[in-house]
$ cat coords38.cif   # mmCIF, C-alpha atoms
data_entry
loop_
_atom_site.label_atom_id
_atom_site.label_comp_id
_atom_site.auth_asym_id
_atom_site.auth_seq_id
_atom_site.Cartn_x
_atom_site.Cartn_y
_atom_site.Cartn_z
CA MET A 1 0.00 0.00 0.00
CA SER A 2 1.43 3.35 -0.99
CA VAL A 3 1.54 6.25 1.44
CA ALA A 4 0.14 9.57 0.21
CA PRO A 5 3.05 12.04 0.22
CA ARG A 6 0.70 15.00 -0.22
CA VAL A 7 -2.49 15.88 1.58
CA PRO A 8 -5.53 16.35 -0.70
CA ILE A 9 -6.35 19.94 -1.58
CA GLU A 10 -9.36 21.41 0.25
CA SER A 11 -9.04 18.94 3.12
CA PRO A 12 -9.00 20.32 6.70
CA GLU A 13 -5.59 18.72 7.25
CA ARG A 14 -4.18 20.70 4.37
CA ALA A 15 -5.51 23.98 5.76
CA SER A 16 -3.84 23.36 9.11
CA LEU A 17 -0.60 22.25 7.44
CA ARG A 18 -0.64 25.44 5.39
CA SER A 19 -1.00 27.50 8.56
CA PHE A 20 1.90 25.56 10.07
CA HIS A 21 3.95 26.21 6.91
CA LEU A 22 3.22 29.95 7.05
CA ALA A 23 3.98 30.20 10.78
CA ILE A 24 7.29 28.31 10.68
CA ALA A 25 8.35 30.05 7.47
CA SER A 26 7.65 33.48 8.97
CA ILE A 27 9.84 32.69 11.97
CA LEU A 28 12.64 31.36 9.75
CA PHE A 29 12.34 34.41 7.51
CA ALA A 30 12.70 36.80 10.45
CA PHE A 31 15.65 34.91 11.96
CA SER A 32 17.41 34.80 8.57
CA PHE A 33 17.43 38.60 8.45
CA LEU A 34 18.91 38.67 11.94
CA ARG A 35 21.54 36.07 11.02
CA VAL A 36 22.66 37.95 7.89
CA TYR A 37 22.77 41.21 9.87
CA ILE A 38 25.01 39.61 12.52
CA TRP A 39 27.16 38.01 9.84
CA TRP A 40 27.59 41.31 8.06
CA HIS A 41 28.70 43.20 11.17
CA PHE A 42 30.62 40.40 12.88
CA PRO A 43 32.08 38.17 10.11
CA PRO A 44 32.99 34.67 11.31
CA GLN A 45 36.67 34.12 12.11
CA ASN A 46 38.68 31.05 11.29
CA LYS A 47 39.84 29.79 14.67
CA GLN A 48 41.21 26.55 13.35
CA GLN A 49 44.98 26.32 12.93
CA LYS A 50 44.71 23.36 10.61
CA LEU A 51 41.97 24.58 8.30
CA PRO A 52 43.33 26.81 5.51
CA GLN A 53 41.62 30.17 5.10
CA GLU A 54 40.61 29.26 1.56
CA ALA A 55 38.74 26.15 2.69
CA PHE A 56 37.13 28.10 5.53
CA ASN A 57 35.98 30.79 3.10
CA GLN A 58 34.56 28.26 0.69
CA LEU A 59 32.30 26.84 3.39
CA HIS A 60 31.26 30.27 4.57
CA VAL A 61 30.35 31.53 1.11
CA LEU A 62 27.95 28.60 0.94
CA GLN A 63 26.58 29.29 4.41
CA PHE A 64 26.12 32.98 3.72
CA THR A 65 24.28 32.06 0.50
CA LEU A 66 22.13 29.65 2.49
CA TYR A 67 20.86 32.43 4.77
CA CYS A 68 20.33 34.71 1.77
CA SER A 69 18.35 31.96 0.05
CA PHE A 70 16.14 31.67 3.16
CA ILE A 71 15.43 35.39 2.84
CA ALA A 72 14.72 35.08 -0.89
CA GLN A 73 12.49 32.09 -0.11
CA GLY A 74 10.60 34.18 2.43
CA LEU A 75 10.17 37.15 0.11
CA THR A 76 8.86 35.01 -2.75
CA GLY A 77 6.66 33.13 -0.27
CA VAL A 78 5.05 36.35 0.94
CA VAL A 79 4.40 37.45 -2.65
CA THR A 80 2.99 34.01 -3.52
CA ALA A 81 0.66 34.00 -0.54
CA TRP A 82 -0.42 37.59 -1.18
CA SER A 83 -1.05 37.04 -4.89
CA ASP A 84 -3.06 33.92 -4.04
CA GLY A 85 -5.25 35.85 -1.64
CA LEU A 86 -4.04 33.93 1.41
CA ILE A 87 -2.85 37.04 3.19
CA GLN A 88 -4.17 40.55 2.87
CA PHE A 89 -2.37 43.60 4.15
CA GLN A 90 -5.41 45.76 3.52
CA SER A 91 -8.83 44.22 3.78
CA SER A 92 -10.11 46.24 0.84
CA SER A 93 -7.27 45.39 -1.53
CA GLU A 94 -7.60 42.94 -4.38
CA SER A 95 -4.78 40.49 -3.77
CA VAL A 96 -5.39 37.78 -6.35
CA ASN A 97 -3.06 37.95 -9.31
CA HIS A 98 -2.63 34.67 -11.14
CA ALA A 99 0.41 35.67 -13.24
CA LEU A 100 2.24 36.96 -10.16
CA TRP A 101 1.25 33.82 -8.23
CA VAL A 102 2.72 31.61 -10.96
CA PHE A 103 5.93 33.64 -11.24
CA SER A 104 6.59 34.02 -7.53
CA GLY A 105 5.54 30.42 -6.91
CA TYR A 106 8.09 29.26 -9.46
CA LEU A 107 10.81 31.30 -7.74
CA HIS A 108 9.67 29.98 -4.36
CA SER A 109 10.28 26.49 -5.71
CA VAL A 110 13.65 27.54 -7.19
CA PHE A 111 14.93 28.80 -3.82
CA ALA A 112 13.65 25.67 -2.10
CA PHE A 113 15.75 23.57 -4.45
CA LEU A 114 18.65 25.98 -4.01
CA TYR A 115 18.80 25.75 -0.24
CA ILE A 116 18.45 21.98 -0.31
CA ALA A 117 21.40 21.84 -2.74
CA ILE A 118 23.43 24.29 -0.63
CA ILE A 119 22.84 22.33 2.58
CA LEU A 120 23.94 19.19 0.77
CA PHE A 121 27.10 20.86 -0.52
CA ILE A 122 27.91 22.38 2.88
CA VAL A 123 27.74 18.94 4.48
CA LEU A 124 29.70 17.21 1.72
CA ILE A 125 32.40 19.89 1.39
CA GLY A 126 32.59 20.22 5.18
CA ILE A 127 33.18 16.49 5.59
CA TYR A 128 35.75 16.62 2.77
CA HIS A 129 37.69 19.43 4.50
CA MET A 130 37.45 17.67 7.87
CA ILE A 131 38.99 14.54 6.40
CA ARG A 132 41.50 16.31 4.18
CA TYR A 133 42.86 18.66 6.85
CA ARG A 134 42.10 16.38 9.81
CA VAL A 135 40.04 18.99 11.61
CA TRP A 136 37.70 17.01 13.79
CA ARG A 137 35.73 20.01 15.02
CA PHE A 138 32.23 21.02 13.96
CA ASN A 139 32.95 24.70 14.49
CA ILE A 140 34.24 24.91 10.92
CA PHE A 141 30.52 25.08 10.06
CA THR A 142 29.66 27.98 12.35
CA MET B 143 32.64 41.92 3.74
CA LYS B 144 34.90 40.21 1.23
CA ILE B 145 35.02 36.46 1.48
CA GLY B 146 35.53 33.70 -1.00
CA LYS B 147 37.16 33.44 -4.36
CA LYS B 148 35.52 33.56 -7.74
CA LYS B 149 35.33 29.76 -7.88
CA ASP B 150 33.34 29.70 -4.61
CA TRP B 151 30.78 32.11 -6.02
CA LEU B 152 30.83 30.24 -9.31
CA LEU B 153 29.64 27.14 -7.43
CA VAL B 154 26.79 29.20 -5.95
CA LEU B 155 25.86 30.46 -9.43
CA ILE B 156 25.88 26.93 -10.84
CA LEU B 157 23.64 25.72 -8.00
CA LEU B 158 21.28 28.64 -8.63
CA ALA B 159 21.15 27.90 -12.37
CA VAL B 160 20.39 24.23 -11.74
CA SER B 161 17.74 25.18 -9.17
CA CYS B 162 16.08 27.48 -11.73
CA TYR B 163 15.66 24.51 -14.04
CA LEU B 164 14.45 21.93 -11.50
CA PRO B 165 10.81 23.10 -11.01
CA TYR B 166 10.37 22.88 -14.79
CA LEU B 167 12.12 19.53 -15.01
CA ILE B 168 10.40 17.86 -12.06
CA PHE B 169 6.95 19.47 -11.89
CA GLY B 170 6.57 20.79 -15.43
CA ALA B 171 6.09 24.25 -13.93
CA TYR B 172 6.61 27.36 -16.05
CA PRO B 173 7.13 30.82 -14.56
CA LEU B 174 5.04 32.79 -17.06
CA THR B 175 1.39 32.59 -18.03
CA ASN B 176 -0.58 33.54 -21.11
CA THR B 177 -3.77 35.25 -20.06
CA THR B 178 -5.51 34.14 -23.24
CA ASN B 179 -4.56 31.22 -25.45
CA ALA B 180 -7.40 31.35 -27.95
CA THR B 181 -10.04 33.94 -28.80
CA PRO B 182 -13.69 32.84 -29.23
CA ASP B 183 -13.26 33.22 -33.01
CA GLU B 184 -10.25 30.93 -33.01
CA ILE B 185 -12.15 28.36 -30.96
CA LYS B 186 -15.05 28.50 -33.41
CA GLN B 187 -12.62 27.99 -36.25
CA LEU B 188 -11.02 25.01 -34.53
CA THR B 189 -14.36 23.31 -33.96
CA ALA B 190 -16.00 24.28 -37.26
CA ASN B 191 -17.18 21.35 -39.40
CA LEU B 192 -16.92 19.01 -36.42
CA ASP B 193 -19.98 17.10 -35.33
CA LEU B 194 -19.36 17.16 -31.59
CA PRO B 195 -22.00 16.22 -29.03
CA ASP B 196 -22.74 18.65 -26.20
CA TYR B 197 -21.50 16.62 -23.28
CA TYR B 198 -23.05 19.01 -20.80
CA LEU B 199 -26.53 19.16 -22.32
CA ASN B 200 -28.14 16.25 -20.50
CA GLU B 201 -28.39 15.69 -16.79
CA LEU B 202 -26.21 12.86 -15.57
CA PRO B 203 -27.78 9.80 -13.91
CA MET B 204 -27.99 9.93 -10.13
CA ILE B 205 -25.31 7.96 -8.33
CA SER B 206 -24.81 7.01 -4.70
CA ASP B 207 -22.76 9.12 -2.30
CA GLU B 208 -20.28 6.30 -2.10
CA GLN B 209 -19.82 6.31 -5.87
CA LYS B 210 -19.42 10.10 -5.83
CA GLN B 211 -16.73 9.80 -3.20
CA MET B 212 -14.93 7.17 -5.25
CA GLU B 213 -14.92 9.51 -8.24
CA ALA B 214 -13.68 12.43 -6.16
CA ASP B 215 -10.95 10.28 -4.63
CA ALA B 216 -9.83 9.04 -8.03
CA PHE B 217 -9.53 12.64 -9.22
CA SER B 218 -7.94 14.13 -6.13
CA ASN B 219 -5.95 11.60 -4.17
CA TRP B 220 -2.36 10.65 -4.51
CA ASP B 221 -3.35 7.02 -4.95
CA GLY B 222 -5.72 8.01 -7.76
CA GLY B 223 -5.00 10.41 -10.58
CA LYS B 224 -3.54 13.25 -8.46
CA CYS B 225 -5.27 15.62 -10.91
CA ARG B 226 -6.58 18.04 -8.27
CA PHE B 227 -3.11 19.00 -7.10
CA CYS B 228 -2.63 21.01 -10.31
CA HIS B 229 -6.00 21.34 -12.09
CA SER B 230 -8.99 23.40 -11.13
CA ILE B 231 -12.31 22.08 -12.38
CA LYS B 232 -15.31 24.17 -11.33
CA ALA B 233 -16.41 27.46 -12.80
CA ASN B 234 -15.52 29.42 -9.68
CA ASP B 235 -12.27 27.55 -8.92
CA ARG B 236 -9.17 29.65 -8.97
CA ASP B 237 -6.70 28.66 -11.71
CA ARG B 238 -3.83 26.60 -10.41
CA MET B 239 -0.53 25.48 -11.90
CA ALA B 240 -2.11 23.51 -14.76
CA PRO B 241 -4.97 24.49 -17.11
CA SER B 242 -8.52 24.53 -15.80
CA LEU B 243 -10.63 21.50 -16.72
CA TYR B 244 -13.88 23.46 -16.57
CA ARG B 245 -16.12 22.30 -19.45
CA ILE B 246 -13.16 20.50 -20.97
CA PHE B 247 -15.15 18.04 -23.07
CA ALA B 248 -15.57 18.97 -26.74
CA LYS B 249 -12.97 21.70 -26.29
CA PRO B 250 -9.91 21.87 -28.55
CA ALA B 251 -6.62 21.12 -26.79
CA GLY B 252 -4.43 24.00 -25.68
CA ILE B 253 -6.98 26.79 -25.35
CA SER B 254 -7.55 27.29 -21.62
CA ASP B 255 -6.67 30.71 -20.26
CA ASN B 256 -4.00 31.58 -17.71
CA PHE B 257 -1.52 28.97 -18.78
CA THR B 258 1.51 28.71 -21.04
CA TYR B 259 1.19 25.55 -23.08
CA SER B 260 4.10 23.45 -24.28
CA ASP B 261 4.91 23.48 -27.97
CA ALA B 262 3.68 19.87 -28.06
CA LEU B 263 0.17 20.87 -26.90
CA ILE B 264 0.04 23.80 -29.30
CA GLN B 265 1.01 21.44 -32.09
CA MET B 266 -1.82 19.09 -31.07
CA LYS B 267 -4.24 22.01 -31.04
CA ASN B 268 -3.18 22.91 -34.57
CA ASN B 269 -3.53 19.25 -35.54
CA GLY B 270 -7.14 19.37 -34.37
CA LEU B 271 -7.09 17.45 -31.09
CA ILE B 272 -10.42 17.78 -29.31
CA TRP B 273 -10.85 16.63 -25.72
CA THR B 274 -13.47 13.92 -25.82
CA PRO B 275 -13.81 11.31 -23.05
CA GLU B 276 -12.04 8.83 -25.33
CA ALA B 277 -9.16 11.23 -26.06
CA LEU B 278 -8.78 12.07 -22.38
CA ASP B 279 -8.79 8.38 -21.49
CA ALA B 280 -6.03 7.70 -24.02
CA PHE B 281 -4.05 10.71 -22.74
CA MET B 282 -4.33 9.65 -19.11
CA SER B 283 -3.30 6.10 -19.88
CA ASN B 284 0.04 7.26 -21.27
CA PRO B 285 0.56 11.05 -21.43
CA LYS B 286 4.14 10.82 -22.71
CA ASP B 287 3.23 8.67 -25.68
CA PHE B 288 -0.06 10.39 -26.46
CA ILE B 289 1.49 13.87 -26.61
CA PRO B 290 5.30 13.55 -26.63
CA GLY B 291 6.95 16.60 -25.08
CA ASN B 292 3.98 17.74 -23.00
CA ARG B 293 4.67 19.21 -19.55
CA MET B 294 2.33 17.06 -17.47
CA ARG B 295 4.95 15.18 -15.45
CA MET B 296 2.77 12.17 -14.69
CA GLU B 297 3.10 8.52 -15.33
CA GLY B 298 0.08 7.06 -17.06
CA ILE B 299 -2.84 5.68 -15.06
CA GLU B 300 -2.85 2.02 -15.95
CA ASP B 301 -6.11 1.05 -14.27
CA PRO B 302 -9.01 1.63 -16.71
CA ASP B 303 -11.51 1.78 -13.82
CA THR B 304 -9.61 4.67 -12.21
CA ARG B 305 -9.54 6.51 -15.54
CA LYS B 306 -13.28 5.95 -15.93
CA LEU B 307 -13.93 7.31 -12.43
CA ILE B 308 -11.84 10.40 -13.22
CA ILE B 309 -13.67 11.02 -16.50
CA ASN B 310 -17.03 10.62 -14.76
CA TYR B 311 -15.92 13.06 -12.08
CA ILE B 312 -14.80 15.63 -14.64
CA MET B 313 -18.07 15.18 -16.54
CA ARG B 314 -20.05 15.69 -13.33
CA GLU B 315 -18.11 18.52 -11.74
CA SER B 316 -16.94 20.59 -14.71
CA ARG B 317 -20.37 21.74 -15.83
#

$ encode --input "coords38.cif" --output "structure tokens"
Amino acid sequence: MSVAPRVPIESPERASLRSFHLAIASILFAFSFLRVYIWWHFPPQNKQQKLPQEAFNQLHVLQFTLYCSFIAQGLTGVVTAWSDGLIQFQSSSESVNHALWVFSGYLHSVFAFLYIAIILFIVLIGIYHMIRYRVWRFNIFT
Amino acid sequence: MKIGKKKDWLLVLILLAVSCYLPYLIFGAYPLTNTTNATPDEIKQLTANLDLPDYYLNELPMISDEQKQMEADAFSNWDGGKCRFCHSIKANDRDRMAPSLYRIFAKPAGISDNFTYSDALIQMKNNGLIWTPEALDAFMSNPKDFIPGNRMRMEGIEDPDTRKLIINYIMRESR
């Protein structure tokens, strides 16, 4: 018996999952801004003697991009929800725009794929540097 | 802040480029929409000289609630046709990612609004494909072979009973 990986549209479960999605995404969106702000003003320092600066920078370019992709994901998500009429900033405003919904929804999907790929690369490259330079500390990821 | 070399940012750019392609590749999504794909005159021209029945003229026979639910499940659920995830069907449904199926029967292919069709579908429209229950059944059984190059990223529905339930549901709900 196959397990349904998606909940049917218009079901009550889907409505509550959507609310969960919006709530968690909003929190992640807000924290991503904070993280990039901190990063910008207090750039991470390489405290490892064994890890070359170049390898450290490579990981941190990816991590910085990861936080930026969370922000881009949030921005496109807000536009998608607004253009679909899910959120209204002004009760009188017409917020349904199909073309904008399609475009921002596509980008929302793009950034989802992007951050999955970046997380994968961070882990793989991080493990590679740990093995190559024998740095058995997880703070190379910070 | 100045971190990373060009090659580090090149990796980010490559990942971004690949990510831009993946929604199209996996879901058949397309970022732009055509508001109108065919004017009423064009539709008349496409269906001129065709003796098509009006599938929505007669009332459908009454069926049990259980049968109705089976049809709805076949159309909507992951174990059925999964159609509802992308297609709207009723007159007042909002358009989704795929073309609306509202009053689909006896319509030429590739004419629904608010959607950018693949070249393959436009070619089929020009070749005179009309969505009849038989054509839709053949399409659902093997979309890739029926219209090679179309963007509906679905495997065919092998079970003829499921296809029949879906067609009945569309006939019932899209009027």

$ residues_around --input "coords38.cif" --residues "region 39-43 of chain A" --least-positions-apart "5" --cutoff "12 Å" --atoms "only C-alpha atoms" --output "PyMOL selection string"
(chain A and resi 32-34+57+60-61+63-65+67-68+142) or (chain B and resi 143-145)

$ atom_distance --input "coords38.cif" --atom1 "CA of Asn139 (chain A)" --atom2 "CA of Gly146 (chain B)"
18.1 Å

$ interface_residues --input "coords38.cif" --of "chain A" --to "chain B" --cutoff "10 Å" --atoms "all atoms listed in the file" --output "number ranges by chain"
A: 1-10, 39-43, 53-62, 64-66, 69, 84, 96, 98-118, 121

$ write_last_selection --input "coords38.cif" --atoms "C-alpha atoms" --output "PDB file, in the coordinates of the input"
ATOM      1  CA  MET A   1       0.000   0.000   0.000  1.00  0.00           C
ATOM      2  CA  SER A   2       1.430   3.350  -0.990  1.00  0.00           C
ATOM      3  CA  VAL A   3       1.540   6.250   1.440  1.00  0.00           C
ATOM      4  CA  ALA A   4       0.140   9.570   0.210  1.00  0.00           C
ATOM      5  CA  PRO A   5       3.050  12.040   0.220  1.00  0.00           C
ATOM      6  CA  ARG A   6       0.700  15.000  -0.220  1.00  0.00           C
ATOM      7  CA  VAL A   7      -2.490  15.880   1.580  1.00  0.00           C
ATOM      8  CA  PRO A   8      -5.530  16.350  -0.700  1.00  0.00           C
ATOM      9  CA  ILE A   9      -6.350  19.940  -1.580  1.00  0.00           C
ATOM     10  CA  GLU A  10      -9.360  21.410   0.250  1.00  0.00           C
ATOM     11  CA  TRP A  39      27.160  38.010   9.840  1.00  0.00           C
ATOM     12  CA  TRP A  40      27.590  41.310   8.060  1.00  0.00           C
ATOM     13  CA  HIS A  41      28.700  43.200  11.170  1.00  0.00           C
ATOM     14  CA  PHE A  42      30.620  40.400  12.880  1.00  0.00           C
ATOM     15  CA  PRO A  43      32.080  38.170  10.110  1.00  0.00           C
ATOM     16  CA  GLN A  53      41.620  30.170   5.100  1.00  0.00           C
ATOM     17  CA  GLU A  54      40.610  29.260   1.560  1.00  0.00           C
ATOM     18  CA  ALA A  55      38.740  26.150   2.690  1.00  0.00           C
ATOM     19  CA  PHE A  56      37.130  28.100   5.530  1.00  0.00           C
ATOM     20  CA  ASN A  57      35.980  30.790   3.100  1.00  0.00           C
ATOM     21  CA  GLN A  58      34.560  28.260   0.690  1.00  0.00           C
ATOM     22  CA  LEU A  59      32.300  26.840   3.390  1.00  0.00           C
ATOM     23  CA  HIS A  60      31.260  30.270   4.570  1.00  0.00           C
ATOM     24  CA  VAL A  61      30.350  31.530   1.110  1.00  0.00           C
ATOM     25  CA  LEU A  62      27.950  28.600   0.940  1.00  0.00           C
ATOM     26  CA  PHE A  64      26.120  32.980   3.720  1.00  0.00           C
ATOM     27  CA  THR A  65      24.280  32.060   0.500  1.00  0.00           C
ATOM     28  CA  LEU A  66      22.130  29.650   2.490  1.00  0.00           C
ATOM     29  CA  SER A  69      18.350  31.960   0.050  1.00  0.00           C
ATOM     30  CA  ASP A  84      -3.060  33.920  -4.040  1.00  0.00           C
ATOM     31  CA  VAL A  96      -5.390  37.780  -6.350  1.00  0.00           C
ATOM     32  CA  HIS A  98      -2.630  34.670 -11.140  1.00  0.00           C
ATOM     33  CA  ALA A  99       0.410  35.670 -13.240  1.00  0.00           C
ATOM     34  CA  LEU A 100       2.240  36.960 -10.160  1.00  0.00           C
ATOM     35  CA  TRP A 101       1.250  33.820  -8.230  1.00  0.00           C
ATOM     36  CA  VAL A 102       2.720  31.610 -10.960  1.00  0.00           C
ATOM     37  CA  PHE A 103       5.930  33.640 -11.240  1.00  0.00           C
ATOM     38  CA  SER A 104       6.590  34.020  -7.530  1.00  0.00           C
ATOM     39  CA  GLY A 105       5.540  30.420  -6.910  1.00  0.00           C
ATOM     40  CA  TYR A 106       8.090  29.260  -9.460  1.00  0.00           C
ATOM     41  CA  LEU A 107      10.810  31.300  -7.740  1.00  0.00           C
ATOM     42  CA  HIS A 108       9.670  29.980  -4.360  1.00  0.00           C
ATOM     43  CA  SER A 109      10.280  26.490  -5.710  1.00  0.00           C
ATOM     44  CA  VAL A 110      13.650  27.540  -7.190  1.00  0.00           C
ATOM     45  CA  PHE A 111      14.930  28.800  -3.820  1.00  0.00           C
ATOM     46  CA  ALA A 112      13.650  25.670  -2.100  1.00  0.00           C
ATOM     47  CA  PHE A 113      15.750  23.570  -4.450  1.00  0.00           C
ATOM     48  CA  LEU A 114      18.650  25.980  -4.010  1.00  0.00           C
ATOM     49  CA  TYR A 115      18.800  25.750  -0.240  1.00  0.00           C
ATOM     50  CA  ILE A 116      18.450  21.980  -0.310  1.00  0.00           C
ATOM     51  CA  ALA A 117      21.400  21.840  -2.740  1.00  0.00           C
ATOM     52  CA  ILE A 118      23.430  24.290  -0.630  1.00  0.00           C
ATOM     53  CA  PHE A 121      27.100  20.860  -0.520  1.00  0.00           C
TER      54      PHE A 121
END

$ residues_around --input "coords38.cif" --residues "Ser316 (chain B)" --least-positions-apart "6" --cutoff "12 Å" --atoms "only C-alpha atoms" --output "VMD selection string"
chain B and resid 197 to 198 229 to 235 242 to 247 308 to 310

$ closest_residue --input "coords38.cif" --among "B:Arg305, B:Lys249, B:Lys148, B:Arg295" --to "Ala216 (chain B)" --atoms "only C-alpha atoms"
B:Arg305

$ resolve_selection --input "coords38.cif" --expression "the PyMOL selection byres ((chain B and resi 306) around 10)" --output "list in words"
Glu213, Ala216, Pro275, Glu276, Leu278, Asp279, Asp301, Pro302, Asp303, Thr304, Arg305, Leu307, Ile308, Ile309, Asn310, Tyr311 and Ile312 of chain B

$ write_last_selection --input "coords38.cif" --atoms "C-alpha atoms" --output "short mmCIF file (atom, residue, chain, number, x, y, z; two decimals), in the coordinates of the input"
data_model
loop_
_atom_site.label_atom_id
_atom_site.label_comp_id
_atom_site.auth_asym_id
_atom_site.auth_seq_id
_atom_site.Cartn_x
_atom_site.Cartn_y
_atom_site.Cartn_z
CA GLU B 213 -14.92 9.51 -8.24
CA ALA B 216 -9.83 9.04 -8.03
CA PRO B 275 -13.81 11.31 -23.05
CA GLU B 276 -12.04 8.83 -25.33
CA LEU B 278 -8.78 12.07 -22.38
CA ASP B 279 -8.79 8.38 -21.49
CA ASP B 301 -6.11 1.05 -14.27
CA PRO B 302 -9.01 1.63 -16.71
CA ASP B 303 -11.51 1.78 -13.82
CA THR B 304 -9.61 4.67 -12.21
CA ARG B 305 -9.54 6.51 -15.54
CA LEU B 307 -13.93 7.31 -12.43
CA ILE B 308 -11.84 10.40 -13.22
CA ILE B 309 -13.67 11.02 -16.50
CA ASN B 310 -17.03 10.62 -14.76
CA TYR B 311 -15.92 13.06 -12.08
CA ILE B 312 -14.80 15.63 -14.64
#

$ closest_residue --input "coords38.cif" --among "A:Gly85, A:His129, A:Arg14, A:Asn97" --to "Phe141 (chain A)" --atoms "all atoms listed in the file"
A:His129

$ resolve_selection --input "coords38.cif" --expression "the PyMOL selection byres ((chain B and resi 271) around 12)" --output "VMD selection string"
chain B and resid 188 to 189 192 247 to 253 262 to 270 272 to 274 276 to 278 281 288 to 289

$ atom_distance --input "coords38.cif" --atom1 "CA of Ile168 (chain B)" --atom2 "CA of Ser11 (chain A)"
24.7 Å

$ atom_distance --input "coords38.cif" --atom1 "CA of Phe31 (chain A)" --atom2 "CA of Leu51 (chain A)"
28.5 Å

$ resolve_selection --input "coords38.cif" --expression "the PyMOL selection byres ((chain A and resi 25-28) around 12)" --output "number ranges by chain"
A: 17-24, 29-35, 67-78, 81, 108, 112

$ closest_residue --input "coords38.cif" --among "B:Ser260, B:Gly223, B:Arg314, B:Leu155" --to "Ser283 (chain B)" --atoms "only C-alpha atoms"
B:Gly223
